[in-house]
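*Asks:* Pasting a structure here, questions to come.
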Amino acid sequence: MPRLCKWCNKPYVGRADKVFCSIKCKSDYHYDLKNKTYRASKQIDNILHRNRSILYEIMGDRTRKMKVKRTVLDKKKFNYKYNTGHHINKENKMYHNVYDFAWMNFSDGEVLIIRRNT
C-alpha cells in the first residue's frame with residue numbers, strides 16, 4: 001500500500017520506515033526545517049545579546065555586583081522577558097540569567113545585577 005511523502009504528499013512505495021519519496025524531498029524538508037529554526041532562534045539570540053550588552057555596559061569589566069534603578073535598564077530598552085535561565089537562592093528570591101550576568105528585581109524599583117563566575 002503506498003504512503004504519502006512527508007514533504008510533497010505524493011504517494012510512494014518502499015521500506016516500512018521510509019518517510020520521503022526521494023532524496024530531494026528529504027533534503028528540501030530538512031533544509032526548510034533548519035531555516036525556520038534559524039530565523040526563530042536568531043531573533044531571540046539578538047534580544048539576548050542586546051540584554052547582555054546592556055548589563056555589560058552598566059557593569060563594566062571589573063564590577064561584580066551593582067544595584068541600579070529599574071529606569072536605567074528601561075531607558076536602554078532592556079527586555080525583561082528574555083533570559084537564558086533562572087536561579088532561586090536560599091532566601092527564595094529569583095535571579096534571572098543572561099549568559100554570565102544575572103539580575104534580581106526588588107519591590108522598591110531597583111535591580112541587583114551580578115556577574116556570574118564563568
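So you can find residues: chains in the C-alpha cells are A, B, ... in the order shown, residues in each start at 1, and ligands are numbered from 1 in order.
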Residues within 6 Å of Phe20 (chain A), please, as a list in words. Count only C-alpha atoms; anything in the same chain fewer than 2 positions from it doesn't count.
*Replies:*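 Residues meeting the cut-off are Cys5, Lys6, Ser22 and Lys26 of chain A.
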*Asks:* Please identify which residues in region 50-106 of chain A DSSP calls alpha helix (DSSP H) from the backbone, and express them as a VMD selection string.
*Replies:* chain A and resid 50 to 59 70 to 75
*Asks:* Save the residues we just selected, C-alpha atoms, as an mmCIF file, in the first residue's frame?
*Replies:*
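What landed in part.cif:
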data_model
loop_
_atom_site.group_PDB
_atom_site.id
_atom_site.type_symbol
_atom_site.label_atom_id
_atom_site.label_comp_id
_atom_site.auth_asym_id
_atom_site.auth_seq_id
_atom_site.Cartn_x
_atom_site.Cartn_y
_atom_site.Cartn_z
ATOM 1 C CA ARG A 50 21.394 43.019 23.436
ATOM 2 C CA ASN A 51 20.361 42.330 27.041
ATOM 3 C CA ARG A 52 23.864 41.067 27.850
ATOM 4 C CA SER A 53 25.419 44.112 26.188
ATOM 5 C CA ILE A 54 23.248 46.423 28.281
ATOM 6 C CA LEU A 55 24.255 44.659 31.506
ATOM 7 C CA TYR A 56 27.916 44.690 30.477
ATOM 8 C CA GLU A 57 27.743 48.396 29.610
ATOM 9 C CA ILE A 58 26.351 49.177 33.063
ATOM 10 C CA MET A 59 28.736 46.880 34.961
ATOM 11 C CA ARG A 70 14.990 49.863 37.078
ATOM 12 C CA THR A 71 14.600 53.003 34.953
ATOM 13 C CA VAL A 72 18.284 52.730 33.950
ATOM 14 C CA LEU A 73 17.560 49.387 32.279
ATOM 15 C CA ASP A 74 14.220 50.613 30.919
ATOM 16 C CA LYS A 75 15.861 53.589 29.185
#
*Asks:* Give me the residues within 10 Å of Gly14 (chain A) as a VMD selection string, counting only C-alpha atoms and dropping any in the same chain fewer than 5 places off.
*Replies:* chain A and resid 1 to 3 19 to 21
*Asks:* For N, CA and C atoms, I'd like the residues from the last selection saved as a PDB file, in the first residue's frame.
*Replies:*
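Output contents, as saved in part37.pdb:
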ATOM      1  N   MET A   1       0.847  -1.184   0.000  1.00  0.00           N
ATOM      2  CA  MET A   1       0.000   0.000   0.000  1.00  0.00           C
ATOM      3  C   MET A   1       0.889   1.244   0.000  1.00  0.00           C
ATOM      4  N   PRO A   2       0.658   2.184  -0.887  1.00  0.00           N
ATOM      5  CA  PRO A   2       1.500   3.391  -0.958  1.00  0.00           C
ATOM      6  C   PRO A   2       1.221   4.331   0.225  1.00  0.00           C
ATOM      7  N   ARG A   3       2.273   5.006   0.630  1.00  0.00           N
ATOM      8  CA  ARG A   3       2.169   6.035   1.676  1.00  0.00           C
ATOM      9  C   ARG A   3       2.437   7.388   1.034  1.00  0.00           C
ATOM     10  N   VAL A  19      10.126   7.645   4.818  1.00  0.00           N
ATOM     11  CA  VAL A  19       9.231   8.765   5.080  1.00  0.00           C
ATOM     12  C   VAL A  19       9.107   9.693   3.865  1.00  0.00           C
ATOM     13  N   PHE A  20      10.130   9.760   3.035  1.00  0.00           N
ATOM     14  CA  PHE A  20      10.153  10.653   1.880  1.00  0.00           C
ATOM     15  C   PHE A  20      10.191   9.838   0.589  1.00  0.00           C
ATOM     16  N   CYS A  21       9.655  10.418  -0.481  1.00  0.00           N
ATOM     17  CA  CYS A  21       9.622   9.703  -1.750  1.00  0.00           C
ATOM     18  C   CYS A  21      10.958   9.761  -2.484  1.00  0.00           C
TER      19      CYS A  21
END
*Asks:* Return the single residue from A:Lys18, A:Lys24, A:Lys81, A:His87 that is closest to Leu4 (chain A), with distances computed using only C-alpha atoms.
*Replies:*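 For Leu4 (chain A), the nearest of the given residues is A:Lys18.
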*Asks:* List the neighbours of Arg116 (chain A) out to 9 Å using only C-alpha atoms; skip same-chain residues closer than 2 positions along the sequence, and give me the result as a ChimeraX atom specification.
*Replies:* /A:64,97,99-102,114,118
*Asks:* Residues of the last selection are to be written out with N, CA and C atoms, as a PDB file, in the first residue's frame.
*Replies:*
ATOM      1  N   ARG A  64      31.533  43.376  40.059  1.00  0.00           N
ATOM      2  CA  ARG A  64      30.934  42.047  40.242  1.00  0.00           C
ATOM      3  C   ARG A  64      29.458  42.140  40.650  1.00  0.00           C
ATOM      4  N   ASN A  97      19.036  34.916  34.616  1.00  0.00           N
ATOM      5  CA  ASN A  97      20.354  34.884  33.982  1.00  0.00           C
ATOM      6  C   ASN A  97      20.293  35.328  32.528  1.00  0.00           C
ATOM      7  N   TYR A  99      23.358  34.803  30.078  1.00  0.00           N
ATOM      8  CA  TYR A  99      24.721  34.302  29.931  1.00  0.00           C
ATOM      9  C   TYR A  99      25.472  34.405  31.257  1.00  0.00           C
ATOM     10  N   ASP A 100      26.496  35.246  31.338  1.00  0.00           N
ATOM     11  CA  ASP A 100      27.314  35.324  32.548  1.00  0.00           C
ATOM     12  C   ASP A 100      26.865  36.416  33.519  1.00  0.00           C
ATOM     13  N   PHE A 101      25.724  37.026  33.270  1.00  0.00           N
ATOM     14  CA  PHE A 101      25.156  38.024  34.171  1.00  0.00           C
ATOM     15  C   PHE A 101      23.844  37.500  34.741  1.00  0.00           C
ATOM     16  N   ALA A 102      23.446  38.067  35.872  1.00  0.00           N
ATOM     17  CA  ALA A 102      22.147  37.747  36.462  1.00  0.00           C
ATOM     18  C   ALA A 102      21.578  39.020  37.061  1.00  0.00           C
ATOM     19  N   ILE A 114      24.434  41.084  38.970  1.00  0.00           N
ATOM     20  CA  ILE A 114      25.681  40.431  39.371  1.00  0.00           C
ATOM     21  C   ILE A 114      26.305  39.747  38.164  1.00  0.00           C
ATOM     22  N   THR A 118      32.516  32.563  35.422  1.00  0.00           N
ATOM     23  CA  THR A 118      32.487  31.677  34.252  1.00  0.00           C
ATOM     24  C   THR A 118      33.827  31.042  34.049  1.00  0.00           C
TER      25      THR A 118
END
*Asks:* Would you list, as a PyMOL selection string, the residues of region 19-97 of chain A that end up in strand (DSSP E or B) under DSSP run on this structure's backbone?
*Replies:* chain A and resi 65-69+85-88+94-97
*Asks:* Can you spit out the residues from that selection as a PDB file, in the first residue's frame, using C-alpha atoms?
*Replies:*
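Saved result, selection_38.pdb, follows:
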ATOM      1  CA  LYS A  65      27.734  43.350  41.866  1.00  0.00           C
ATOM      2  CA  MET A  66      25.719  46.558  41.484  1.00  0.00           C
ATOM      3  CA  LYS A  67      22.284  47.872  42.343  1.00  0.00           C
ATOM      4  CA  VAL A  68      20.651  50.246  39.839  1.00  0.00           C
ATOM      5  CA  LYS A  69      17.253  51.841  39.398  1.00  0.00           C
ATOM      6  CA  GLY A  85      17.734  30.716  32.786  1.00  0.00           C
ATOM      7  CA  HIS A  86      16.895  31.454  36.378  1.00  0.00           C
ATOM      8  CA  HIS A  87      18.031  30.517  39.853  1.00  0.00           C
ATOM      9  CA  ILE A  88      16.225  30.652  43.188  1.00  0.00           C
ATOM     10  CA  MET A  94      14.729  34.563  41.903  1.00  0.00           C
ATOM     11  CA  TYR A  95      17.725  35.589  39.808  1.00  0.00           C
ATOM     12  CA  HIS A  96      17.269  35.807  36.028  1.00  0.00           C
ATOM     13  CA  ASN A  97      20.354  34.884  33.982  1.00  0.00           C
TER      14      ASN A  97
END
*Asks:* Could you jot down the CA of Tyr82 (chain A) to CA of Lys42 (chain A) separation for me, Å, one decimal place?
*Replies:* 13.1 Å
*Asks:* Identify which of the residues A:Asp17, A:Phe78, A:Ala40, A:Thr84 lies closest to Val111 (chain A), counting only C-alpha atoms when measuring atom-to-atom distances.
*Replies:*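 Residue with the minimum atom-to-atom distance to Val111 (chain A): A:Phe78.
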*Asks:* Out of A:Ser107, A:Asn92, A:Asn117, A:Asn46, which residue has the shortest atom-to-atom distance to Asn79 (chain A) when counting only C-alpha atoms?
*Replies:*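 Of A:Ser107, A:Asn92, A:Asn117, A:Asn46, the one nearest Asn79 (chain A), counting only C-alpha atoms, is A:Asn46.
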*Asks:* Which residue gives the smallest distance to Met104 (chain A) among A:Val13, A:Lys36, A:Lys90, A:Tyr80, with only C-alpha atoms counted?
*Replies:* A:Tyr80
